[in-house]
Amino acid sequence: MRPRLRLFTGDDDAALSTDARQVTMKFSEFFQVVAEASRFKRTWLQDFADDEVRLPEDLYEVLAAYWTLRPGA
């Protein structure tokens, strides 16, 4: 995963666009980063709490089944 940093000067109309650029990455890489951030309660993770993510249908079905079948606390 290569980080991409941009300097926001306020002049870039593209930065204000609601259509954010999309990138592709392996799920294993995504999972490692998010799992570690969650484990250590990184505050930046909450910045994305309301963002939507696009998933393959089969992954969504597995996640939905897991969520409904997991044992209660």
# chains A, B, ... in the order shown; residues from 1 in each chain; ligands from 1
$ select_by_dssp --residues "stretch 15-72 of chain A" --states "alpha helix (DSSP H)" --output "PyMOL selection string"
chain A and resi 27-39+57-69
$ write_last_selection --atoms "N, CA and C atoms" --output "short mmCIF file (atom, residue, chain, number, x, y, z; two decimals), in the first residue's frame"
data_model
loop_
_atom_site.label_atom_id
_atom_site.label_comp_id
_atom_site.auth_asym_id
_atom_site.auth_seq_id
_atom_site.Cartn_x
_atom_site.Cartn_y
_atom_site.Cartn_z
N PHE A 27 -7.95 -7.52 -0.04
CA PHE A 27 -8.68 -7.53 1.21
C PHE A 27 -7.77 -7.84 2.38
N SER A 28 -6.80 -8.73 2.19
CA SER A 28 -5.89 -9.10 3.28
C SER A 28 -5.11 -7.88 3.76
N GLU A 29 -4.70 -7.04 2.85
CA GLU A 29 -3.97 -5.83 3.21
C GLU A 29 -4.89 -4.85 3.95
N PHE A 30 -6.09 -4.67 3.42
CA PHE A 30 -7.09 -3.81 4.06
C PHE A 30 -7.39 -4.30 5.47
N PHE A 31 -7.60 -5.61 5.59
CA PHE A 31 -7.94 -6.19 6.89
C PHE A 31 -6.83 -5.97 7.91
N GLN A 32 -5.58 -6.16 7.51
CA GLN A 32 -4.47 -5.97 8.44
C GLN A 32 -4.43 -4.56 8.99
N VAL A 33 -4.60 -3.59 8.13
CA VAL A 33 -4.54 -2.19 8.56
C VAL A 33 -5.71 -1.86 9.48
N VAL A 34 -6.91 -2.25 9.09
CA VAL A 34 -8.10 -1.92 9.89
C VAL A 34 -8.10 -2.68 11.21
N ALA A 35 -7.70 -3.95 11.19
CA ALA A 35 -7.66 -4.74 12.43
C ALA A 35 -6.68 -4.14 13.43
N GLU A 36 -5.51 -3.75 12.96
CA GLU A 36 -4.52 -3.15 13.86
C GLU A 36 -5.02 -1.81 14.39
N ALA A 37 -5.60 -1.00 13.52
CA ALA A 37 -6.12 0.30 13.95
C ALA A 37 -7.23 0.12 14.98
N SER A 38 -8.07 -0.88 14.78
CA SER A 38 -9.15 -1.15 15.72
C SER A 38 -8.60 -1.66 17.05
N ARG A 39 -7.65 -2.56 16.99
CA ARG A 39 -7.06 -3.14 18.20
C ARG A 39 -6.44 -2.05 19.08
N GLU A 57 -20.36 -9.01 -3.81
CA GLU A 57 -21.60 -9.56 -3.25
C GLU A 57 -21.36 -10.76 -2.35
N ASP A 58 -20.44 -11.64 -2.74
CA ASP A 58 -20.20 -12.83 -1.92
C ASP A 58 -19.59 -12.48 -0.57
N LEU A 59 -18.72 -11.49 -0.52
CA LEU A 59 -18.16 -11.06 0.76
C LEU A 59 -19.24 -10.43 1.62
N TYR A 60 -20.11 -9.64 1.02
CA TYR A 60 -21.21 -9.05 1.78
C TYR A 60 -22.10 -10.13 2.39
N GLU A 61 -22.40 -11.16 1.61
CA GLU A 61 -23.25 -12.25 2.11
C GLU A 61 -22.60 -12.97 3.29
N VAL A 62 -21.29 -13.20 3.21
CA VAL A 62 -20.58 -13.85 4.31
C VAL A 62 -20.61 -12.96 5.55
N LEU A 63 -20.35 -11.67 5.39
CA LEU A 63 -20.36 -10.75 6.53
C LEU A 63 -21.75 -10.64 7.15
N ALA A 64 -22.78 -10.57 6.31
CA ALA A 64 -24.15 -10.47 6.82
C ALA A 64 -24.54 -11.74 7.58
N ALA A 65 -24.17 -12.90 7.04
CA ALA A 65 -24.48 -14.16 7.73
C ALA A 65 -23.74 -14.24 9.05
N TYR A 66 -22.49 -13.86 9.06
CA TYR A 66 -21.70 -13.88 10.30
C TYR A 66 -22.33 -12.97 11.34
N TRP A 67 -22.74 -11.78 10.93
CA TRP A 67 -23.29 -10.81 11.87
C TRP A 67 -24.59 -11.31 12.50
N THR A 68 -25.42 -12.01 11.73
CA THR A 68 -26.69 -12.49 12.27
C THR A 68 -26.53 -13.79 13.06
N LEU A 69 -25.49 -14.57 12.79
CA LEU A 69 -25.31 -15.86 13.46
C LEU A 69 -24.34 -15.82 14.62
#
$ closest_residue --among "A:Arg2, A:Arg70, A:Lys26, A:Arg21" --to "A:Leu55" --atoms "only C-alpha atoms"
A:Lys26
$ atom_distance --atom1 "atom CA of A:Val23" --atom2 "atom CA of A:Phe40"
25.0 Å
